[in-house]
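Enquirer: I'm passing along upload.txt; it holds compact mmCIF, C-alpha atoms.
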# COMPACT_ATOMS: atom_id res chain seq x y z
CA MET A 1 135.03 185.55 74.99
CA THR A 2 132.56 183.86 72.68
CA LYS A 3 130.23 181.46 74.45
CA GLN A 4 130.60 177.97 73.07
CA SER A 5 127.52 176.13 71.89
CA PRO A 6 126.70 172.75 73.44
CA PRO A 7 127.99 169.77 71.46
CA PRO A 8 125.47 168.18 69.04
CA SER A 9 125.18 165.16 71.35
CA GLN A 10 123.65 167.40 74.04
CA ILE A 11 121.38 169.59 71.92
CA LEU A 12 118.91 166.75 71.32
CA ALA A 13 119.40 164.91 74.62
CA ASP A 14 118.18 165.29 78.18
CA THR A 15 121.09 166.34 80.42
CA PRO A 16 121.72 166.73 84.17
CA ALA A 17 120.56 170.00 85.74
CA GLU A 18 122.33 172.21 88.27
CA VAL A 19 119.57 172.50 90.84
CA ARG A 20 119.06 172.58 94.61
CA LEU A 21 116.11 170.71 96.06
CA ASP A 22 114.61 171.30 99.50
CA GLY A 23 112.08 168.72 100.61
CA PRO A 24 110.10 166.71 100.05
CA GLU A 25 107.02 167.74 102.00
CA LEU A 26 104.37 165.04 101.92
CA ILE A 27 101.14 166.54 100.57
CA GLY A 28 99.15 163.31 100.41
CA PRO A 29 100.03 159.64 101.12
CA GLY A 30 97.37 158.01 98.84
CA PHE A 31 98.04 155.14 96.44
CA ARG A 32 101.22 156.97 95.37
CA ARG A 33 103.10 159.69 97.32
CA PHE A 34 102.18 163.28 96.43
CA GLU A 35 105.15 165.48 97.33
CA ARG A 36 106.13 169.19 97.28
CA TYR A 37 109.67 170.47 96.73
CA SER A 38 111.30 173.88 96.80
CA VAL A 39 113.42 174.04 93.63
CA THR A 40 116.23 176.55 93.08
CA ILE A 41 117.77 176.85 89.61
CA ASP A 42 120.54 179.22 88.56
CA HIS A 43 119.49 181.04 85.39
CA GLY A 44 122.61 182.79 84.12
CA GLY A 45 123.82 183.78 87.58
CA THR A 46 120.37 184.70 88.91
CA PRO A 47 118.94 182.01 91.22
CA ALA A 48 115.21 181.40 90.86
CA THR A 49 113.25 179.47 93.49
CA MET A 50 109.87 177.89 92.84
CA SER A 51 107.52 175.38 94.44
CA ARG A 52 106.83 172.17 92.50
CA ASP A 53 104.48 169.27 93.28
CA ILE A 54 104.99 165.77 91.91
CA LEU A 55 103.26 162.41 92.13
CA ARG A 56 105.79 159.61 92.73
CA ILE A 57 104.82 156.86 90.28
CA GLY A 58 108.14 155.08 89.74
CA ARG A 59 108.84 152.49 87.03
CA THR A 60 106.07 151.25 84.74
CA VAL A 61 105.83 149.07 81.65
CA GLY A 62 103.69 149.09 78.53
CA ILE A 63 103.21 146.23 76.07
CA ILE A 64 102.84 146.21 72.29
CA ALA A 65 101.34 142.71 71.96
CA VAL A 66 101.34 141.45 68.37
CA ASP A 67 100.53 138.21 66.58
CA LEU A 68 102.53 138.54 63.37
CA GLY A 69 101.08 135.35 61.89
CA ARG A 70 97.59 136.88 62.06
CA ASP A 71 98.84 140.46 61.56
CA GLU A 72 97.01 141.58 64.72
CA ILE A 73 97.70 143.67 67.79
CA VAL A 74 95.97 142.93 71.10
CA LEU A 75 94.70 146.02 72.94
CA ILE A 76 92.49 146.36 76.01
CA ARG A 77 89.53 148.41 77.17
CA GLN A 78 88.97 149.48 80.76
CA PHE A 79 87.44 152.33 82.75
CA ARG A 80 89.64 155.30 83.64
CA LEU A 81 88.25 157.98 85.96
CA ALA A 82 90.64 160.70 84.69
CA SER A 83 89.51 160.14 81.11
CA HIS A 84 85.86 160.13 82.20
CA LEU A 85 86.34 163.51 83.91
CA ALA A 86 88.46 165.08 81.14
CA THR A 87 86.68 163.93 77.98
CA GLY A 88 83.49 162.16 79.02
CA ARG A 89 84.94 158.98 77.45
CA GLY A 90 85.93 156.84 80.41
CA ASP A 91 85.85 153.47 78.62
CA ILE A 92 89.21 153.88 76.92
CA LEU A 93 91.41 151.89 74.59
CA GLU A 94 94.91 151.10 75.87
CA VAL A 95 97.97 148.94 75.46
CA PRO A 96 98.43 146.56 78.39
CA ALA A 97 100.48 148.35 81.04
CA GLY A 98 101.22 148.42 84.74
CA TYR A 99 103.57 149.15 87.60
CA VAL A 100 106.93 147.50 88.18
CA ASP A 101 106.82 145.98 91.66
CA HIS A 102 109.60 146.62 94.18
CA GLY A 103 112.60 144.46 93.31
CA GLU A 104 111.04 143.36 90.00
CA ALA A 105 112.84 143.73 86.66
CA PRO A 106 110.88 145.63 83.96
CA ALA A 107 110.97 142.58 81.65
CA ALA A 108 109.47 140.41 84.41
CA ALA A 109 106.78 143.04 85.00
CA ALA A 110 105.95 143.10 81.27
CA HIS A 111 105.64 139.30 81.24
CA ARG A 112 103.35 139.42 84.30
CA GLU A 113 101.19 142.26 82.98
CA CYS A 114 100.74 140.49 79.66
CA ILE A 115 99.27 137.48 81.47
CA GLU A 116 97.16 139.60 83.82
CA GLU A 117 95.73 142.09 81.33
CA ILE A 118 95.24 140.08 78.13
CA GLY A 119 95.17 136.57 79.57
CA VAL A 120 98.06 135.01 77.62
CA ALA A 121 101.80 134.67 78.22
CA PRO A 122 104.24 136.21 75.73
CA ARG A 123 106.06 133.86 73.35
CA ALA A 124 108.87 136.39 72.91
CA LEU A 125 109.59 139.74 74.54
CA ARG A 126 111.85 142.63 73.46
CA GLU A 127 112.44 146.00 75.16
CA VAL A 128 112.12 148.74 72.53
CA PHE A 129 112.07 152.21 74.18
CA SER A 130 111.38 154.23 77.33
CA PHE A 131 109.65 157.55 77.93
CA MET A 132 108.24 159.79 80.65
CA PRO A 133 104.45 160.31 80.22
CA ALA A 134 104.20 163.70 82.00
CA PRO A 135 107.56 164.87 83.45
CA GLY A 136 106.09 168.20 84.54
CA MET A 137 104.03 166.45 87.21
CA LEU A 138 104.66 162.69 87.31
CA GLU A 139 107.84 160.97 88.45
CA GLU A 140 107.16 158.05 86.11
CA LEU A 141 109.49 156.24 83.73
CA ALA A 142 107.74 153.85 81.34
CA THR A 143 109.53 151.09 79.46
CA ILE A 144 107.75 149.69 76.40
CA PHE A 145 108.13 146.07 75.33
CA LEU A 146 107.25 144.46 72.02
CA VAL A 147 105.85 140.99 72.71
CA SER A 148 104.65 138.12 70.56
CA VAL A 149 101.40 136.41 71.58
CA ASP A 150 98.97 133.84 70.22
CA ALA A 151 95.96 136.11 69.67
CA ALA A 152 93.67 133.11 69.21
CA GLN A 153 94.11 132.31 72.91
CA VAL A 154 93.09 135.79 74.13
CA PRO A 155 89.92 135.62 76.30
CA ASP A 156 87.00 138.06 76.27
CA GLN A 157 87.70 139.15 79.86
CA ALA A 158 90.95 139.46 81.80
CA GLY A 159 92.48 141.41 84.68
CA ALA A 160 94.08 140.62 88.02
CA ASP A 161 91.46 139.80 90.68
CA HIS A 162 93.75 140.94 93.51
CA GLU A 163 93.92 144.41 91.90
CA ILE A 164 90.14 144.60 91.28
CA GLU A 165 91.08 145.05 87.64
CA HIS A 166 88.67 144.37 84.78
CA THR A 167 90.16 144.49 81.28
CA ARG A 168 88.52 143.54 78.01
CA PRO A 169 91.11 142.45 75.44
CA ILE A 170 90.36 143.11 71.79
CA ARG A 171 92.12 141.86 68.64
CA VAL A 172 92.66 144.46 65.91
CA PRO A 173 94.46 144.28 62.56
CA ILE A 174 97.77 146.14 62.94
CA ASP A 175 97.08 148.47 60.00
CA GLU A 176 93.65 149.42 61.42
CA ALA A 177 95.22 150.23 64.79
CA ILE A 178 97.84 152.45 63.15
CA ALA A 179 95.13 154.17 61.07
CA ALA A 180 93.37 155.16 64.31
CA LEU A 181 96.20 157.64 64.93
CA GLY A 182 94.67 159.96 62.35
CA ALA A 183 91.04 159.47 63.36
CA GLY A 184 91.06 161.59 66.52
CA THR A 185 89.27 158.86 68.49
CA ILE A 186 92.00 157.78 70.94
CA PHE A 187 93.55 159.90 73.68
CA ASN A 188 95.67 157.55 75.80
CA GLY A 189 99.31 158.63 75.65
CA TYR A 190 100.79 155.15 76.03
CA LEU A 191 98.64 153.89 73.16
CA ILE A 192 99.36 156.81 70.83
CA ILE A 193 103.13 156.59 71.40
CA ALA A 194 103.08 152.79 71.03
CA LEU A 195 101.17 152.98 67.74
CA GLN A 196 103.51 155.66 66.41
CA TRP A 197 106.47 153.41 67.21
CA LEU A 198 104.65 150.51 65.57
CA ALA A 199 104.07 152.54 62.41
CA LEU A 200 107.75 153.53 62.21
CA ASN A 201 108.96 149.96 62.78
CA ARG A 202 106.25 148.00 60.94
CA GLY A 203 108.74 146.30 58.60
CA ARG A 204 111.14 144.96 61.24
CA LEU A 205 108.83 143.48 63.87
CA GLY A 206 109.68 139.92 62.88
CA GLY A 207 113.39 140.57 63.22
CA LEU A 208 112.98 142.16 66.64
CA LEU A 209 110.97 139.18 67.87
CA GLY A 210 113.07 136.51 66.13
CA GLU A 211 110.15 135.48 63.94
CA ASP A 212 111.52 136.25 60.47
What's the structure tokens form of this structure?
Expert:
Amino acid sequence: MTKQSPPPSQILADTPAEVRLDGPELIGPGFRRFERYSVTIDHGGTPATMSRDILRIGRTVGIIAVDLGRDEIVLIRQFRLASHLATGRGDILEVPAGYVDHGEAPAAAAHRECIEEIGVAPRALREVFSFMPAPGMLEELATIFLVSVDAAQVPDQAGADHEIEHTRPIRVPIDEAIAALGAGTIFNGYLIIALQWLALNRGRLGGLLGED
């Protein structure tokens, strides 16, 4: 019997897996749970068991904050220890982003993070895509929102005091931000993916935000 190929709708889509999980074993409680699982997957009739560790992040949001009237995007700078250790460049450029609190809707989290990290409330907000930053290790699902802001109201310093967070918002022409993709000077995954989306959708931002 000839084995049938998966339908086209599944070839380019994530699908459920036939897997048995044993665990979790708590490796470290920390700011987020670090867990270990025993994973058994059937590969063509031959079960294979392996140990896998994950960090439980949960839901997060990222924000593409634009002022279409001024043709600007608002980004932030802040210190990241992982970047400092990996590249020696700990003062990194980012899109505003953060965790979704328990019981909070992603859109509400995006609205809150916009105020906390760049100091202004969004005039309009539109969910545009979701992605997993590092599914081999992180249990994290990020939802990205396109938001409209008044860039003229953005302060020099922002950040939530209760989170001991210090962000420095910066206003950049949208085309200059997109051009940075080819300069090899930015490494943050959220930012790179957000700018790639921005480049692909440059001509329809007004329609998405209701600002045509």
Enquirer: Point out the residue among A:Thr167, A:Asp71, A:His102, A:Pro133 with the least atom-to-atom distance to A:Ala151, counting all atoms listed in the file.
Expert: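 Distance minimum relative to A:Ala151 lands on A:Asp71.
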Enquirer: Give me the residues near A:Leu55 as a PDB file with C-alpha atoms, in the coordinates of the input, where near means some atom within 7 Å (using all atoms listed in the file) and where sequence neighbours in that chain fewer than 6 positions away do not count.
Expert:
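Dumped everything to around.pdb:
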ATOM      1  CA  ARG A  32     101.220 156.970  95.370  1.00  0.00           C
ATOM      2  CA  ARG A  33     103.100 159.690  97.320  1.00  0.00           C
ATOM      3  CA  PHE A  34     102.180 163.280  96.430  1.00  0.00           C
ATOM      4  CA  GLU A  35     105.150 165.480  97.330  1.00  0.00           C
ATOM      5  CA  MET A 137     104.030 166.450  87.210  1.00  0.00           C
ATOM      6  CA  LEU A 138     104.660 162.690  87.310  1.00  0.00           C
ATOM      7  CA  GLU A 139     107.840 160.970  88.450  1.00  0.00           C
TER       8      GLU A 139
END
Enquirer: What are the centre and edge lengths in Å, to one decimal, of the axis-aligned box around all listed atoms of stretch 50-58 of chain A with 4 Å added on each side, as lines of an AutoDock Vina configuration file?
Expert:
center_x = 106.6
center_y = 166.5
center_z = 92.1
size_x = 14.6
size_y = 30.8
size_z = 12.7
Enquirer: What is the atom CA of A:Gly182 to atom CA of A:Ile92 distance in Å?
Expert: 16.7 Å
Enquirer: My list of candidates is A:Glu127, A:Glu18, A:Glu25, A:Glu116. Which is closest to A:Ile64 when distances are computed with all atoms listed in the file?
Expert: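 Smallest distance to A:Ile64 is found for A:Glu127.
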Enquirer: Report, in Å with one decimal, the straight-line distance from atom CA of A:Phe131 to atom CA of A:Arg59.
Expert: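 Going from atom CA of A:Phe131 over to atom CA of A:Arg59 covers 10.4 Å.
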Enquirer: Please, what distance in Å, to one decimal, runs between atom CA of A:Cys114 and atom CA of A:Glu211?
Expert: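 Going from atom CA of A:Cys114 over to atom CA of A:Glu211 covers 19.0 Å.
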Enquirer: When you count only C-alpha atoms, which of these residues is closest to A:Tyr37: A:Gly69, A:Gly23, A:Gly103, A:Gly206?
Expert: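 Of A:Gly69, A:Gly23, A:Gly103, A:Gly206, the one nearest A:Tyr37 is A:Gly23, counting only C-alpha atoms.
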Enquirer: Given the choices A:Thr60, A:Gln153, A:Gln196, A:Ser148, which gets closest to A:Gly210 if the distance is worked out from only C-alpha atoms?
Expert: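 Closest to A:Gly210 of all the choices is A:Ser148.
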Enquirer: Go through A:Val120, A:Val154, A:Met132, A:Val66 one by one, measure the shortest atom-to-atom distance of each to A:Ala177 using only C-alpha atoms, and give the residue with the smallest value.
Expert: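 For A:Ala177, the nearest of the candidates is A:Val66.
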Enquirer: From the list A:Leu198, A:Ile178, A:Glu140, A:Phe187, which residue is nearest A:Arg80 when using all atoms listed in the file?
Expert: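 Among the listed residues, A:Phe187 lies closest to A:Arg80.
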Enquirer: What would the file be for stretch 28-44 of chain A if you keep N, CA and C atoms and write it as an mmCIF file, in the first residue's frame?
Expert:
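Written out: out-v2.cif:
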data_model
loop_
_atom_site.group_PDB
_atom_site.id
_atom_site.type_symbol
_atom_site.label_atom_id
_atom_site.label_comp_id
_atom_site.auth_asym_id
_atom_site.auth_seq_id
_atom_site.Cartn_x
_atom_site.Cartn_y
_atom_site.Cartn_z
ATOM 1 N N GLY A 28 13.910 24.179 39.047
ATOM 2 C CA GLY A 28 14.167 25.426 39.756
ATOM 3 C C GLY A 28 12.921 26.283 39.799
ATOM 4 N N PRO A 29 12.544 26.859 40.967
ATOM 5 C CA PRO A 29 11.317 27.636 41.082
ATOM 6 C C PRO A 29 11.453 29.041 40.510
ATOM 7 N N GLY A 30 12.527 29.776 40.777
ATOM 8 C CA GLY A 30 12.853 31.066 40.193
ATOM 9 C C GLY A 30 11.695 31.991 39.842
ATOM 10 N N PHE A 31 11.971 32.960 38.974
ATOM 11 C CA PHE A 31 10.964 33.905 38.506
ATOM 12 C C PHE A 31 9.931 33.191 37.647
ATOM 13 N N ARG A 32 10.369 32.200 36.869
ATOM 14 C CA ARG A 32 9.496 31.318 36.113
ATOM 15 C C ARG A 32 9.916 29.875 36.399
ATOM 16 N N ARG A 33 8.976 28.935 36.336
ATOM 17 C CA ARG A 33 9.256 27.535 36.649
ATOM 18 C C ARG A 33 10.173 26.918 35.596
ATOM 19 N N PHE A 34 11.205 26.227 36.066
ATOM 20 C CA PHE A 34 12.115 25.482 35.196
ATOM 21 C C PHE A 34 11.829 24.006 35.443
ATOM 22 N N GLU A 35 11.315 23.310 34.405
ATOM 23 C CA GLU A 35 10.805 21.957 34.583
ATOM 24 C C GLU A 35 11.506 20.955 33.662
ATOM 25 N N ARG A 36 11.504 19.680 34.093
ATOM 26 C CA ARG A 36 12.075 18.578 33.307
ATOM 27 C C ARG A 36 10.996 17.529 33.054
ATOM 28 N N TYR A 37 10.902 17.085 31.817
ATOM 29 C CA TYR A 37 9.948 16.056 31.410
ATOM 30 C C TYR A 37 10.685 14.885 30.779
ATOM 31 N N SER A 38 10.112 13.706 30.918
ATOM 32 C CA SER A 38 10.501 12.548 30.122
ATOM 33 C C SER A 38 9.515 12.482 28.956
ATOM 34 N N VAL A 39 10.034 12.491 27.737
ATOM 35 C CA VAL A 39 9.209 12.577 26.536
ATOM 36 C C VAL A 39 9.397 11.308 25.702
ATOM 37 N N THR A 40 8.301 10.633 25.388
ATOM 38 C CA THR A 40 8.364 9.433 24.551
ATOM 39 C C THR A 40 7.575 9.681 23.272
ATOM 40 N N ILE A 41 8.266 9.547 22.135
ATOM 41 C CA ILE A 41 7.661 9.759 20.821
ATOM 42 C C ILE A 41 7.835 8.491 19.999
ATOM 43 N N ASP A 42 6.792 8.121 19.283
ATOM 44 C CA ASP A 42 6.830 6.939 18.423
ATOM 45 C C ASP A 42 7.301 7.344 17.036
ATOM 46 N N HIS A 43 8.513 6.916 16.683
ATOM 47 C CA HIS A 43 9.066 7.198 15.364
ATOM 48 C C HIS A 43 8.926 5.960 14.481
ATOM 49 N N GLY A 44 7.833 5.890 13.725
ATOM 50 C CA GLY A 44 7.626 4.774 12.817
ATOM 51 C C GLY A 44 7.574 3.429 13.508
#
